[in-house]
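Since the structure comes first, as structure tokens, the remarks are kept for the end.
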Amino acid sequence: MAVTGWLGSLRAAEKTALLQDGRRKVHYLFPDGKEMAEEYDEKTSELLVRKWRVKSALGALGQWQIEVGEPALPGAGSLGPELIKESNVNPIFMRKDTKMSFQWRIRNLPYPKDVYSVCVDQKERCIIVRTTNKKYYKKFSIPDLDRYQLPLDDSSLSFAYANCTLIISYQKPKEVLVAESELQKELKKGRGRKRPTGKAGAPHLTLSCHSSKKGLTFLG
């Protein structure tokens, strides 16, 4: 029921979408004023970026908060690239999903693999990363499972270490895979029109859409 509830929220949102530079970009405006922007690889449908923006108590637009993708520049608010230069010292935490797993990368961790501990905290509904040498500690949630109201499963969690990067993977539950597949089918139903953009005048498809009981309806 919760899975259906989140899909219903996506369908009820006001949506606009476009195809540009090999990416399918979708913007959601929810009834409560929250905004979500996503970018997918046009060929593989792999999620590349997801970020959120909410209004302040006074109605001012806040900054975009990255959920999936590279960290953003402080104060950046556009939907374009918001990359920051990596530090050679401080650990950098980011999420980069695959089709079958939620995945996080923590760069600039110089310690050997055997000092890392990665586990699920069922009470706080989060993943905890720590080192036996007490040099690093991090805990983070999986917003997707919270939105779908699904439990966390210890057996779905794994991690690997290479090149000073800790890679943490959590296998997506079948309910999430089915929901994501259904959403992609609906997004791809859209028909668009080409129009020039950018200095080079390269065409892209612009799609406007609204929701319907059967799914997303796109207007060319």
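Chain identifiers are assigned as A, B, and so on, following the order in which chains appear in the structure tokens; residues are numbered from 1 within each chain, and ligands are numbered from 1 in order of appearance.
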Which residues of region 124-205 of chain A have any atom within 10 Å of an atom in region 4-9 of chain A when counting only C-alpha atoms, and what is the closest pair of atoms for each, with the distance in Å to one decimal? Order the rows by chain and rising number and write it as CSV.
```
residue,atom,partner,partner_atom,distance
A:Asp144,CA,A:Trp6,CA,9.6
A:Arg147,CA,A:Trp6,CA,6.4
A:Tyr148,CA,A:Trp6,CA,6.3
A:Gln149,CA,A:Trp6,CA,9.2
A:Glu175,CA,A:Thr4,CA,9.8
A:Ala179,CA,A:Leu7,CA,7.3
A:Glu180,CA,A:Leu7,CA,9.1
A:Glu182,CA,A:Leu7,CA,9.1
A:Leu183,CA,A:Leu7,CA,7.8
```
Once DSSP has gone over the backbone, tell me which residues of region 3-152 of chain A are in strand (DSSP E or B), as a short mmCIF file (atom, residue, chain, number, x, y, z; two decimals) with C-alpha atoms, in the first residue's frame.
```
data_model
loop_
_atom_site.label_atom_id
_atom_site.label_comp_id
_atom_site.auth_asym_id
_atom_site.auth_seq_id
_atom_site.Cartn_x
_atom_site.Cartn_y
_atom_site.Cartn_z
CA GLU A 14 2.77 18.73 -11.58
CA LYS A 15 5.47 17.50 -13.94
CA THR A 16 7.61 18.85 -16.75
CA ALA A 17 10.25 16.87 -18.61
CA LEU A 18 12.78 17.25 -21.39
CA LEU A 19 15.35 15.18 -23.25
CA GLN A 20 18.70 16.91 -23.42
CA ARG A 23 19.51 12.67 -20.30
CA ARG A 24 15.81 12.52 -19.48
CA LYS A 25 15.21 15.35 -17.01
CA VAL A 26 12.00 15.39 -14.98
CA HIS A 27 10.84 18.12 -12.59
CA TYR A 28 8.10 17.44 -10.03
CA LEU A 29 6.14 20.09 -8.14
CA GLU A 35 10.13 20.26 -5.73
CA MET A 36 12.05 17.20 -6.92
CA ALA A 37 14.30 17.13 -9.98
CA GLU A 38 15.61 13.89 -11.48
CA GLU A 39 17.91 13.07 -14.38
CA TYR A 40 18.09 9.66 -16.05
CA ASP A 41 20.39 8.23 -18.68
CA LEU A 47 19.15 7.44 -12.24
CA LEU A 48 21.97 9.99 -12.35
CA VAL A 49 20.64 12.86 -10.25
CA ARG A 50 17.87 13.41 -7.73
CA LYS A 51 17.55 16.58 -5.70
CA TRP A 52 14.94 18.36 -3.60
CA ARG A 53 14.01 21.96 -2.89
CA LYS A 55 10.28 26.81 0.44
CA LEU A 61 12.93 29.13 -2.41
CA GLN A 65 19.61 19.41 -1.69
CA ILE A 66 21.29 16.52 -3.49
CA GLU A 67 19.98 13.02 -2.73
CA VAL A 68 21.61 11.18 -5.64
CA GLY A 69 24.57 12.41 -7.67
CA ILE A 92 33.62 12.88 0.26
CA PHE A 93 30.25 11.14 0.59
CA MET A 94 27.96 10.70 -2.40
CA ARG A 95 25.24 8.41 -3.66
CA SER A 101 21.15 -1.39 -5.93
CA PHE A 102 21.23 1.80 -3.93
CA GLN A 103 24.91 2.65 -3.75
CA TRP A 104 27.08 5.13 -1.87
CA ARG A 105 30.74 6.03 -2.29
CA ILE A 106 32.97 7.54 0.38
CA ARG A 107 36.18 8.81 -1.20
CA TYR A 116 35.66 -0.78 8.25
CA SER A 117 32.37 -1.88 9.74
CA VAL A 118 29.12 -1.32 7.82
CA CYS A 119 25.81 -2.34 9.40
CA VAL A 120 22.08 -1.63 9.51
CA ASP A 121 20.58 0.07 12.55
CA CYS A 126 19.82 3.89 8.89
CA ILE A 127 23.19 2.50 7.80
CA ILE A 128 26.19 3.09 10.04
CA VAL A 129 29.79 3.16 8.86
CA ARG A 130 32.61 3.16 11.39
CA THR A 131 36.28 2.21 11.64
CA TYR A 137 32.03 7.52 11.55
CA LYS A 138 28.99 8.10 9.34
CA LYS A 139 25.31 7.23 9.49
CA PHE A 140 22.76 7.82 6.75
#
```
Ranking A:Gly22, A:Ser56, A:Leu157, A:Pro173 by minimum distance to Glu42 (chain A) and counting only C-alpha atoms, which one comes first?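 Among the listed residues, A:Gly22 lies closest to Glu42 (chain A).
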Would you mind listing what lies within 9 Å of Ser155 (chain A) as a count of residues only, with only C-alpha atoms counted and same-chain residues fewer than 3 positions away left out? 3
Nearest to Leu10 (chain A), chosen from A:Tyr111, A:Phe30, A:Trp64, A:Phe159, with only C-alpha atoms counted in the distances: A:Phe30
Counting only C-alpha atoms, the option among A:Glu124, A:Glu70, A:Asp97, A:Glu186 closest to Pro151 (chain A):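 The answer is A:Glu124, which sits nearest to Pro151 (chain A).
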Which one is closest to Lys174 (chain A): A:Asp154, A:Met100, A:Leu187, A:Lys134? Count only C-alpha atoms.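 Ranked by minimum distance to Lys174 (chain A), first place goes to A:Met100.
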Backbone-only DSSP, alpha helix (DSSP H) members of region 8-210 of chain A, as number ranges by chain: A: 8-12, 143-148, 174-187
In Å, with one decimal, what is the gap from CA of Ala13 (chain A) to CA of Gln63 (chain A)?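 So the two atoms, CA of Ala13 (chain A) and CA of Gln63 (chain A), lie 20.0 Å apart.
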Could you tell me which of A:Leu109, A:Ile167, A:Ile142, A:Leu150 comes closest to Asn90 (chain A) if we count only C-alpha atoms?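 With only C-alpha atoms as the atom set, the closest residue is A:Leu109.
Residues with any atom within 10 Å of Lys113 (chain A), counting only C-alpha atoms and excluding same-chain neighbours fewer than 6 positions away, are Thr131, Phe159, Ala160, Tyr161, Ala162, Cys164, Thr165 and Leu166 of chain A.
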Would you pick out the contacts of Leu152 (chain A) at 8 Å or less, using only C-alpha atoms, so that residues sharing its chain but fewer than 4 positions from it are not included, and give the list as a VMD selection string? chain A and resid 120 122 125 145
Generate a file of the selected residues that holds N, CA and C atoms, formatted as a short mmCIF file (atom, residue, chain, number, x, y, z; two decimals), in the first residue's frame.
```cif
data_model
loop_
_atom_site.label_atom_id
_atom_site.label_comp_id
_atom_site.auth_asym_id
_atom_site.auth_seq_id
_atom_site.Cartn_x
_atom_site.Cartn_y
_atom_site.Cartn_z
N VAL A 120 23.40 -2.24 9.49
CA VAL A 120 22.08 -1.63 9.51
C VAL A 120 21.66 -1.41 10.95
N GLN A 122 18.43 -1.01 12.80
CA GLN A 122 17.01 -1.17 12.58
C GLN A 122 16.19 -0.14 13.35
N ARG A 125 16.61 3.14 11.58
CA ARG A 125 16.38 2.98 10.13
C ARG A 125 17.48 3.68 9.32
N LEU A 145 13.44 3.88 0.89
CA LEU A 145 12.74 2.90 1.73
C LEU A 145 11.79 3.58 2.69
#
```
